[in-house]
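**Student:** Take a look at final_6.txt, compact mmCIF, C-alpha atoms:
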```txt
# COMPACT_ATOMS: atom_id res chain seq x y z
CA MET A 167 -49.74 -16.99 -32.87
CA THR A 168 -51.84 -15.94 -29.88
CA PHE A 169 -48.73 -14.84 -27.99
CA LEU A 170 -47.47 -12.83 -30.95
CA LYS A 171 -50.85 -11.18 -31.41
CA LYS A 172 -51.08 -10.20 -27.73
CA SER A 173 -47.46 -9.06 -27.71
CA THR A 174 -48.05 -6.85 -30.74
CA GLN A 175 -51.21 -5.41 -29.14
CA ASN A 176 -49.39 -4.64 -25.90
CA LYS A 177 -46.56 -2.98 -27.80
CA HIS A 178 -49.05 -0.87 -29.73
CA LEU A 179 -50.85 0.12 -26.53
CA LEU A 180 -47.60 1.06 -24.86
CA LEU A 181 -46.63 3.28 -27.79
CA THR A 182 -50.10 4.83 -27.81
CA ALA A 183 -49.98 5.47 -24.06
CA LEU A 184 -46.55 7.08 -24.35
CA LEU A 185 -47.78 9.27 -27.20
CA ILE A 186 -50.85 10.37 -25.24
CA ALA A 187 -48.74 11.01 -22.13
CA PHE A 188 -46.33 13.10 -24.18
CA CYS A 189 -49.14 15.04 -25.81
CA SER A 190 -50.94 15.55 -22.50
CA ALA A 191 -47.83 17.12 -21.03
CA TRP A 192 -48.15 20.07 -23.38
CA ALA A 193 -51.73 19.76 -24.62
CA GLN A 194 -53.31 22.62 -22.76
CA PRO A 195 -55.28 24.82 -25.16
CA PRO A 196 -52.95 26.09 -27.90
CA GLN A 197 -52.28 29.79 -27.65
CA GLY A 198 -55.23 31.67 -29.09
CA TYR A 199 -57.44 28.57 -29.27
CA TYR A 200 -60.43 30.47 -27.83
CA SER A 201 -59.55 33.95 -29.10
CA ASN A 202 -62.62 34.16 -31.37
CA ALA A 203 -64.87 33.46 -28.38
CA GLU A 204 -63.49 36.07 -26.01
CA GLY A 205 -65.99 38.61 -24.74
CA LEU A 206 -69.02 36.94 -26.31
CA GLN A 207 -72.23 35.82 -24.66
CA GLY A 208 -75.32 33.76 -25.39
CA GLU A 209 -75.91 32.34 -28.86
CA THR A 210 -73.00 34.29 -30.32
CA LEU A 211 -70.62 32.59 -27.90
CA LYS A 212 -72.19 29.23 -28.67
CA ALA A 213 -71.72 29.73 -32.40
CA ALA A 214 -68.13 30.87 -31.93
CA LEU A 215 -67.26 27.87 -29.75
CA HIS A 216 -68.90 25.56 -32.28
CA ASN A 217 -66.68 26.92 -35.02
CA ILE A 218 -63.61 26.34 -32.83
CA ILE A 219 -64.31 22.71 -31.92
CA LYS A 220 -66.11 21.39 -35.01
CA ASN A 221 -64.49 19.19 -37.66
CA HIS A 222 -62.73 16.94 -35.15
CA GLN A 223 -60.96 13.75 -36.21
CA PRO A 224 -63.58 11.01 -35.67
CA ARG A 225 -62.74 7.69 -34.06
CA THR A 226 -64.18 4.34 -35.05
CA TYR A 227 -66.45 2.55 -32.59
CA SER A 228 -63.95 -0.26 -32.15
CA GLN A 229 -61.14 2.22 -31.45
CA LEU A 230 -62.93 3.42 -28.33
CA TRP A 231 -61.87 0.32 -26.39
CA GLN A 232 -58.24 1.22 -26.96
CA ASP A 233 -58.89 4.94 -26.46
CA PHE A 234 -60.30 4.32 -22.97
CA PHE A 235 -56.90 2.90 -21.98
CA THR A 236 -55.47 6.41 -22.37
CA THR A 237 -58.50 8.57 -21.52
CA ASP A 238 -60.09 6.75 -18.58
CA GLN A 239 -57.42 4.98 -16.57
CA LYS A 240 -57.46 5.29 -12.78
CA PRO A 241 -54.19 5.86 -10.88
CA ASN A 242 -54.20 2.14 -10.01
CA GLY A 243 -54.40 1.19 -13.70
CA LYS A 244 -58.03 0.07 -13.59
CA VAL A 245 -60.92 1.34 -15.73
CA TRP A 246 -62.33 4.64 -14.43
CA CYS A 247 -66.05 3.83 -14.33
CA MET A 248 -68.05 6.76 -13.00
CA TYR A 249 -71.11 4.55 -12.49
CA SER A 250 -69.27 2.36 -9.96
CA ASP A 251 -66.31 4.36 -8.63
CA ILE A 252 -66.38 5.67 -5.04
CA PRO A 253 -63.91 8.55 -4.71
CA ASN A 254 -61.77 8.17 -1.57
CA GLY A 255 -63.50 4.85 -0.92
CA THR A 256 -63.50 1.25 -2.05
CA PRO A 257 -65.81 0.40 -4.96
CA ALA A 258 -67.62 -2.91 -4.99
CA TYR A 259 -65.71 -3.94 -8.10
CA GLU A 260 -63.13 -2.66 -10.61
CA TYR A 261 -62.36 -3.61 -14.20
CA THR A 262 -59.17 -4.52 -16.06
CA PHE A 263 -58.83 -3.00 -19.53
CA PHE A 264 -59.64 -5.34 -22.43
CA THR A 265 -59.97 -8.40 -20.19
CA ASN A 266 -63.34 -7.27 -18.77
CA GLN A 267 -64.94 -5.80 -21.90
CA CYS A 268 -68.60 -6.70 -22.40
CA GLY A 269 -69.77 -9.38 -23.25
CA ASN A 270 -72.78 -10.65 -21.52
CA TYR A 271 -73.90 -9.38 -18.15
CA SER A 272 -76.76 -9.96 -15.76
CA ALA A 273 -75.69 -7.87 -12.76
CA GLU A 274 -73.23 -5.20 -11.72
CA GLY A 275 -69.58 -6.15 -11.77
CA HIS A 276 -69.69 -8.45 -14.81
CA CYS A 277 -68.10 -6.23 -17.51
CA TYR A 278 -67.71 -2.67 -18.79
CA ASN A 279 -68.91 -1.17 -22.05
CA ARG A 280 -69.22 2.13 -23.92
CA GLU A 281 -71.75 4.55 -22.42
CA HIS A 282 -73.14 7.36 -24.56
CA SER A 283 -73.89 9.86 -21.81
CA TRP A 284 -75.84 11.75 -24.51
CA PRO A 285 -77.78 8.61 -25.51
CA ALA A 286 -77.41 7.54 -29.14
CA SER A 287 -81.20 7.47 -29.61
CA TRP A 288 -81.25 11.23 -28.99
CA PHE A 289 -79.21 11.82 -32.17
CA GLY A 290 -80.39 8.83 -34.18
CA SER A 291 -77.15 6.85 -33.70
CA GLN A 292 -75.52 8.98 -36.39
CA HIS A 293 -71.85 9.74 -36.96
CA PRO A 294 -69.55 11.40 -35.98
CA MET A 295 -71.37 11.94 -32.69
CA TYR A 296 -71.73 8.18 -32.22
CA THR A 297 -67.98 7.88 -31.52
CA ASP A 298 -67.28 11.32 -30.02
CA LEU A 299 -65.16 10.62 -26.93
CA PHE A 300 -66.23 13.73 -25.08
CA HIS A 301 -69.56 12.13 -24.21
CA ILE A 302 -68.61 8.44 -24.35
CA VAL A 303 -67.12 6.89 -21.22
CA PRO A 304 -66.46 3.34 -19.98
CA THR A 305 -69.11 2.21 -17.51
CA ASP A 306 -70.44 -0.97 -15.97
CA GLY A 307 -72.66 -2.65 -18.56
CA PHE A 308 -75.50 -3.37 -16.15
CA VAL A 309 -75.69 0.20 -14.81
CA ASN A 310 -75.44 1.53 -18.36
CA ASN A 311 -78.40 -0.66 -19.27
CA ARG A 312 -80.42 0.57 -16.28
CA ARG A 313 -79.72 4.20 -17.14
CA ALA A 314 -80.83 3.37 -20.72
CA ASN A 315 -81.71 6.61 -22.54
CA TYR A 316 -83.35 8.36 -19.60
CA PRO A 317 -82.40 12.00 -18.90
CA PHE A 318 -80.09 12.95 -16.09
CA ALA A 319 -81.97 14.65 -13.26
CA LYS A 320 -82.37 14.85 -9.50
CA VAL A 321 -84.14 11.66 -8.40
CA GLY A 322 -86.67 11.48 -5.56
CA GLN A 323 -88.40 8.12 -5.22
CA THR A 324 -85.98 5.47 -6.46
CA THR A 325 -86.70 2.25 -8.31
CA TRP A 326 -83.08 1.07 -8.34
CA VAL A 327 -79.76 2.15 -6.77
CA ALA A 328 -76.25 1.30 -8.04
CA THR A 329 -73.53 0.05 -5.69
CA ASN A 330 -71.87 3.49 -5.68
CA GLY A 331 -75.12 5.37 -5.05
CA GLY A 332 -76.26 6.27 -8.56
CA LYS A 333 -80.07 6.33 -8.68
CA LEU A 334 -82.82 5.48 -11.12
CA GLY A 335 -86.28 6.77 -10.34
CA GLN A 336 -88.75 9.64 -10.50
CA SER A 337 -87.28 13.04 -11.31
CA ILE A 338 -87.85 15.88 -8.86
CA SER A 339 -85.95 18.41 -10.97
CA PRO A 340 -88.24 21.38 -11.72
CA GLY A 341 -89.56 21.08 -15.26
CA TYR A 342 -89.34 17.30 -15.61
CA SER A 343 -91.19 14.63 -13.63
CA GLY A 344 -90.47 11.48 -15.64
CA ILE A 345 -87.98 8.66 -15.06
CA ALA A 346 -84.38 9.82 -14.73
CA PHE A 347 -80.92 8.72 -13.70
CA GLU A 348 -78.86 10.63 -11.13
CA PRO A 349 -75.09 9.97 -10.92
CA ILE A 350 -73.26 10.53 -7.64
CA ASP A 351 -72.28 14.09 -6.72
CA ALA A 352 -68.57 13.54 -7.46
CA TYR A 353 -69.26 13.05 -11.17
CA LYS A 354 -72.27 15.27 -11.84
CA GLY A 355 -70.05 18.03 -13.21
CA ASP A 356 -68.23 15.56 -15.48
CA PHE A 357 -71.48 14.45 -17.09
CA ALA A 358 -72.84 18.01 -17.25
CA ARG A 359 -69.79 19.27 -19.13
CA GLY A 360 -69.97 16.32 -21.51
CA LEU A 361 -73.56 17.21 -22.43
CA MET A 362 -72.69 20.90 -22.71
CA TYR A 363 -69.94 19.97 -25.16
CA MET A 364 -72.38 17.99 -27.30
CA SER A 365 -74.82 20.89 -27.47
CA VAL A 366 -72.08 23.19 -28.76
CA ARG A 367 -70.16 20.74 -30.96
CA TYR A 368 -73.28 19.87 -32.96
CA PHE A 369 -74.94 23.27 -32.83
CA SER A 370 -76.81 23.83 -36.14
CA GLN A 371 -75.92 20.26 -37.27
CA ASP A 372 -78.88 18.55 -35.61
CA GLY A 373 -81.66 18.93 -38.16
CA ASN A 374 -82.74 15.29 -38.05
CA TRP A 375 -82.00 14.44 -34.42
CA PRO A 376 -85.02 12.81 -32.69
CA GLY A 377 -84.37 14.64 -29.40
CA SER A 378 -85.61 13.58 -25.97
CA GLU A 379 -87.29 14.79 -22.79
CA MET A 380 -84.02 16.62 -22.06
CA THR A 381 -83.14 17.91 -25.52
CA ASP A 382 -84.54 19.43 -28.69
CA GLY A 383 -82.03 18.35 -31.30
CA ALA A 384 -78.69 19.50 -29.93
CA GLU A 385 -80.39 22.17 -27.84
CA ILE A 386 -80.65 21.36 -24.14
CA LEU A 387 -84.09 22.24 -22.82
CA PRO A 388 -84.42 25.07 -20.25
CA TRP A 389 -85.13 22.81 -17.25
CA ALA A 390 -82.06 20.70 -18.11
CA ARG A 391 -79.85 23.75 -18.71
CA ALA A 392 -80.63 24.95 -15.19
CA LEU A 393 -79.81 21.50 -13.81
CA LEU A 394 -76.54 21.15 -15.72
CA LEU A 395 -75.40 24.63 -14.74
CA GLN A 396 -76.04 23.71 -11.11
CA TRP A 397 -74.06 20.45 -11.44
CA HIS A 398 -71.32 22.32 -13.29
CA GLN A 399 -70.94 24.69 -10.35
CA LEU A 400 -71.34 22.18 -7.52
CA ASP A 401 -68.82 19.72 -8.99
CA PRO A 402 -66.00 21.88 -10.43
CA VAL A 403 -63.51 20.69 -13.04
CA SER A 404 -61.19 18.04 -11.60
CA GLN A 405 -57.69 16.95 -12.54
CA LYS A 406 -59.27 13.79 -13.93
CA GLU A 407 -61.23 15.89 -16.44
CA ILE A 408 -58.23 18.05 -17.31
CA ASP A 409 -56.15 14.96 -18.06
CA ARG A 410 -58.98 13.41 -20.05
CA ASN A 411 -59.52 16.60 -22.04
CA ASN A 412 -55.85 16.58 -23.01
CA ALA A 413 -55.91 12.89 -23.91
CA VAL A 414 -59.00 13.26 -26.11
CA PHE A 415 -57.46 16.34 -27.72
CA ALA A 416 -54.48 14.20 -28.75
CA LEU A 417 -56.89 11.73 -30.39
CA GLN A 418 -59.66 13.92 -31.83
CA GLN A 419 -57.85 17.26 -32.22
CA ASN A 420 -60.57 19.23 -30.45
CA ARG A 421 -61.31 20.14 -26.84
CA ASN A 422 -64.17 20.54 -24.36
CA PRO A 423 -64.43 24.32 -23.80
CA PHE A 424 -66.24 23.91 -20.48
CA ILE A 425 -63.28 22.07 -18.98
CA ASP A 426 -60.73 24.58 -20.25
CA ARG A 427 -62.89 27.62 -19.52
CA PRO A 428 -65.68 26.78 -17.03
CA GLU A 429 -66.96 30.36 -17.15
CA PHE A 430 -68.13 29.81 -20.74
CA ALA A 431 -71.12 27.83 -19.45
CA GLN A 432 -72.56 30.76 -17.54
CA GLN A 433 -71.67 33.25 -20.26
CA MET A 434 -73.46 31.13 -22.84
CA TRP A 435 -76.59 30.10 -20.96
CA ASP A 436 -77.11 32.55 -18.11
CA PRO A 437 -74.94 35.65 -18.55
CA SER A 438 -77.27 37.88 -16.50
CA SER A 439 -76.50 36.00 -13.28
CA SER A 440 -72.84 35.23 -13.91
CA THR A 441 -70.30 36.23 -11.31
CA VAL A 442 -67.76 36.71 -14.11
CA GLU A 443 -67.36 40.26 -15.32
CA TYR A 444 -67.32 40.32 -19.08
CA SER A 445 -68.47 43.81 -19.80
CA TYR A 446 -67.04 47.05 -18.58
CA ALA A 447 -68.42 50.17 -16.97
CA SER A 448 -68.62 51.79 -20.38
CA THR A 449 -71.64 51.01 -22.52
CA ILE A 450 -71.98 51.20 -26.27
CA SER A 451 -74.94 52.80 -27.95
CA ILE A 452 -75.39 52.62 -31.72
CA TRP A 453 -77.87 54.34 -34.00
CA PRO A 454 -79.90 54.19 -36.17
CA ASN A 455 -80.69 50.55 -35.45
CA PRO A 456 -81.96 49.11 -37.73
CA GLY A 457 -80.07 51.13 -40.30
CA ASN A 458 -78.96 51.15 -43.92
CA GLY A 459 -75.22 50.64 -43.56
CA ILE A 460 -73.84 53.82 -41.94
CA PHE A 461 -74.05 53.98 -38.16
CA HIS A 462 -72.99 56.28 -35.35
CA TYR A 463 -71.87 54.93 -32.01
CA ASN A 464 -71.00 56.31 -28.61
CA CYS A 465 -68.98 54.81 -25.77
CA THR A 466 -69.64 56.19 -22.30
CA ASN A 467 -66.47 56.64 -20.23
CA CYS A 468 -64.21 55.95 -23.22
CA ILE A 469 -61.30 58.36 -23.68
CA ASP A 470 -60.55 60.37 -26.80
CA HIS A 471 -57.89 58.69 -28.97
CA GLU A 472 -58.18 55.44 -27.03
CA PRO A 473 -57.67 52.43 -29.35
CA ILE A 474 -60.84 50.37 -29.75
CA THR A 475 -61.02 47.14 -31.71
CA ILE A 476 -64.34 46.38 -33.36
CA ARG A 477 -65.25 42.89 -34.53
CA ILE A 478 -68.35 42.11 -36.55
CA TYR A 479 -69.89 38.62 -36.35
CA ASP A 480 -72.71 37.10 -38.31
CA ALA A 481 -75.45 35.06 -36.62
CA ASN A 482 -73.33 31.90 -36.96
CA GLY A 483 -70.43 33.39 -35.03
CA ARG A 484 -68.14 33.98 -38.05
CA ILE A 485 -65.95 37.07 -37.95
CA LEU A 486 -66.76 39.23 -40.97
CA LYS A 487 -64.59 42.23 -40.20
CA GLU A 488 -62.11 43.40 -37.59
CA SER A 489 -60.54 46.82 -37.29
CA THR A 490 -58.87 48.98 -34.65
CA GLU A 491 -59.48 52.70 -34.58
CA SER A 492 -58.90 55.66 -32.33
CA TYR A 493 -62.04 56.59 -30.43
CA SER A 494 -63.39 60.09 -30.87
CA SER A 495 -66.17 61.62 -28.82
CA GLN A 496 -66.95 63.86 -31.78
CA GLY A 497 -69.15 61.18 -33.29
CA PRO A 498 -67.39 58.12 -34.70
CA THR A 499 -69.17 56.24 -37.48
CA LEU A 500 -69.21 52.70 -38.84
CA THR A 501 -69.69 52.05 -42.53
CA LEU A 502 -71.15 48.60 -43.09
CA ASP A 503 -72.96 49.04 -46.39
CA HIS A 504 -71.27 45.89 -47.77
CA LEU A 505 -73.29 43.66 -45.45
CA LYS A 506 -76.54 42.02 -46.47
CA SER A 507 -79.74 42.60 -44.54
CA GLY A 508 -79.84 40.64 -41.31
CA LEU A 509 -78.81 40.46 -37.66
CA TYR A 510 -75.16 40.99 -36.71
CA PHE A 511 -73.22 41.19 -33.47
CA LEU A 512 -70.63 43.85 -32.73
CA LEU A 513 -67.88 43.32 -30.17
CA PHE A 514 -66.07 46.41 -28.91
CA GLN A 515 -62.75 45.79 -27.14
CA ARG A 516 -60.84 48.53 -25.33
CA GLN A 517 -57.07 48.69 -25.09
CA HIS A 518 -57.03 46.98 -21.68
CA GLY A 519 -58.96 43.98 -22.96
CA GLN A 520 -62.33 44.99 -21.51
CA THR A 521 -65.20 44.16 -23.85
CA THR A 522 -68.86 44.72 -24.46
CA SER A 523 -71.12 43.62 -27.25
CA THR A 524 -74.36 44.72 -28.88
CA LYS A 525 -76.76 43.54 -31.55
CA LEU A 526 -77.08 45.37 -34.84
CA MET A 527 -79.81 45.03 -37.42
CA ILE A 528 -79.24 46.03 -41.03
CA HIS A 529 -82.20 46.32 -43.37
```
Translate the structure described by the file into structure tokens.
**Tutor:**
Amino acid sequence: MTFLKKSTQNKHLLLTALLIAFCSAWAQPPQGYYSNAEGLQGETLKAALHNIIKNHQPRTYSQLWQDFFTTDQKPNGKVWCMYSDIPNGTPAYEYTFFTNQCGNYSAEGHCYNREHSWPASWFGSQHPMYTDLFHIVPTDGFVNNRRANYPFAKVGQTTWVATNGGKLGQSISPGYSGIAFEPIDAYKGDFARGLMYMSVRYFSQDGNWPGSEMTDGAEILPWARALLLQWHQLDPVSQKEIDRNNAVFALQQNRNPFIDRPEFAQQMWDPSSSTVEYSYASTISIWPNPGNGIFHYNCTNCIDHEPITIRIYDANGRILKESTESYSSQGPTLTLDHLKSGLYFLLFQRQHGQTTSTKLMIH
């Protein structure tokens, strides 16, 4: 019976691995996956990305063991543990899938378990975030325990160091001076993008999250945003992350936008200093603002009869209206008297794909 059970499990794993491999071969973002986020910035971009990646297919907690076999397997077939791996070097230990699952442990190298890089206590151990693969990774149980639910940060004075160089100790990141955990440089971007995903995926769905020294609900605090943006830039997206993104997509049916489109991080959190150009030389002015439903607008450097697409978003990033019209310097108008009082965002897109956006208040 034991042989039959193990044989059936191996057969199932093989079929699952083949399915994931097949899906990963084509599972780059589907065409148009991020179309509703193009040209946006700040909170509007965050809301739009949330609407794209929400409502994923949740996994069960027990399924994660099997999922790791397809999402976190090293080229040598071992578990890809970012708390113990040494890129281009020899780690002190490696784990075999299933055989080395925790279990009891009293030191590094005993077993691996399921690490919530956004600790479960920060969101009250609620579902579906409790089993969301984009922030859950296989890690050494002992290191996971030492990290506990401390924030990630730059560590100065250490109280403990992992075999691969990960550190626990006093934070020296500006804005936070408490206890923190610092992963090695090679995986700082991986963890940063996982936390960025969580902030967007559960945007506006965090009303009863306890939070932490790093977060306020699903919102990442300013000091931590600066840190994660730095890690995001210093440790760019790797092939490991691309493959994992595709594998998780095959399981959950959603993606991590910051792996597919790294520029989204800067556009969302720090657009003023981004090196990416997402506006054009032309600027849009609109008046009166606030207004009562009929507005005039002007586009500097736009050409008469040039097609311009106008999209109107509400504060949650939903598209309320989209239209394309021929620009006229003689004083084009927008009639929006069907909208309720509130704050809206207008995106203007020229025929060559260049965009700019502005806020509009209706009273």
**Student:** Hey, can you check how far atom CA of Ala203 of chain A sits from atom CA of Ala431 of chain A?
**Tutor:**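 Computed distance, atom CA of Ala203 of chain A to atom CA of Ala431 of chain A, equals 12.3 Å.
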**Student:** Kindly list the centre and edge lengths in Å, rounded to one decimal, for the axis-aligned box that covers all listed atoms of segment 343-359 of chain A plus 3 Å on each of its six sides, as JSON.
**Tutor:**
```
{"center_x": -79.7, "center_y": 14.0, "center_z": -12.9, "size_x": 29.0, "size_y": 16.6, "size_z": 18.4}
```
**Student:** What's the 12 Å shell around Pro294 of chain A, counting all atoms listed in the file, without same-chain residues fewer than 3 positions away, as a VMD selection string?
**Tutor:** chain A and resid 220 to 227 286 289 to 291 297 to 301 364 367 to 368 371 to 372 418
**Student:** What's the separation between atom CA of Tyr199 of chain A and atom CA of Met295 of chain A, in Å to one decimal place?
**Tutor:**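 Separating atom CA of Tyr199 of chain A from atom CA of Met295 of chain A is a distance of 22.0 Å.
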**Student:** Counting all atoms listed in the file, which residues sit no farther than 8 Å from the position (-70.1, 22.0, -31.9) in the file's frame? I'd like them as an mmCIF file with C-alpha atoms, in the coordinates of the input.
**Tutor:**
```cif
data_model
loop_
_atom_site.group_PDB
_atom_site.id
_atom_site.type_symbol
_atom_site.label_atom_id
_atom_site.label_comp_id
_atom_site.auth_asym_id
_atom_site.auth_seq_id
_atom_site.Cartn_x
_atom_site.Cartn_y
_atom_site.Cartn_z
ATOM 1 C CA ALA A 213 -71.720 29.730 -32.400
ATOM 2 C CA LEU A 215 -67.260 27.870 -29.750
ATOM 3 C CA HIS A 216 -68.900 25.560 -32.280
ATOM 4 C CA ASN A 217 -66.680 26.920 -35.020
ATOM 5 C CA ILE A 218 -63.610 26.340 -32.830
ATOM 6 C CA ILE A 219 -64.310 22.710 -31.920
ATOM 7 C CA LYS A 220 -66.110 21.390 -35.010
ATOM 8 C CA TYR A 363 -69.940 19.970 -25.160
ATOM 9 C CA MET A 364 -72.380 17.990 -27.300
ATOM 10 C CA SER A 365 -74.820 20.890 -27.470
ATOM 11 C CA VAL A 366 -72.080 23.190 -28.760
ATOM 12 C CA ARG A 367 -70.160 20.740 -30.960
ATOM 13 C CA TYR A 368 -73.280 19.870 -32.960
ATOM 14 C CA PHE A 369 -74.940 23.270 -32.830
#
```
**Student:** For Trp231 of chain A, which residue out of A:Tyr271, A:Tyr479, A:Tyr249, A:Tyr278 is the nearest one, using all atoms listed in the file?
**Tutor:**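 With all atoms listed in the file as the atom set, the closest residue is A:Tyr278.
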**Student:** Restricting the calculation to all atoms listed in the file, which member of A:Lys506, A:His398, A:Lys212, A:Arg280 is positioned closest to Gln232 of chain A?
**Tutor:**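 Among the listed residues, the smallest separation from Gln232 of chain A belongs to A:Arg280.
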**Student:** Taking into account only C-alpha atoms, which residue in the set A:Leu395, A:Ser201, A:Pro428, A:Tyr510 is nearest to Pro456 of chain A?
**Tutor:**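 Of A:Leu395, A:Ser201, A:Pro428, A:Tyr510, the one nearest Pro456 of chain A, counting only C-alpha atoms, is A:Tyr510.
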**Student:** As an exercise, work out the distance from atom CA of Gly275 of chain A to atom CA of Glu260 of chain A in Å and give it to one decimal place.
**Tutor:**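 Answer for the atom CA of Gly275 of chain A to atom CA of Glu260 of chain A separation: 7.4 Å.
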**Student:** Using only C-alpha atoms, which residues sit within 10 Å of Arg391 of chain A once same-chain residues fewer than 3 positions away are excluded, as a PyMOL selection string?
**Tutor:** chain A and resi 358+361-362+380-381+385-388+394-397+431+435-436
**Student:** Within 10 Å of segment 324-326 of chain A, counting only C-alpha atoms, which residues show up once you throw out same-chain ones fewer than 2 positions away? Write them as number ranges by chain, please.
**Tutor:** A: 309, 312-313, 321-322, 328-329, 331-337, 345-348
**Student:** Restricting the calculation to all atoms listed in the file, which member of A:Lys406, A:Lys244, A:His462, A:Arg484 is positioned closest to Phe263 of chain A?
**Tutor:**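 Of A:Lys406, A:Lys244, A:His462, A:Arg484, the one nearest Phe263 of chain A is A:Lys244, counting all atoms listed in the file.
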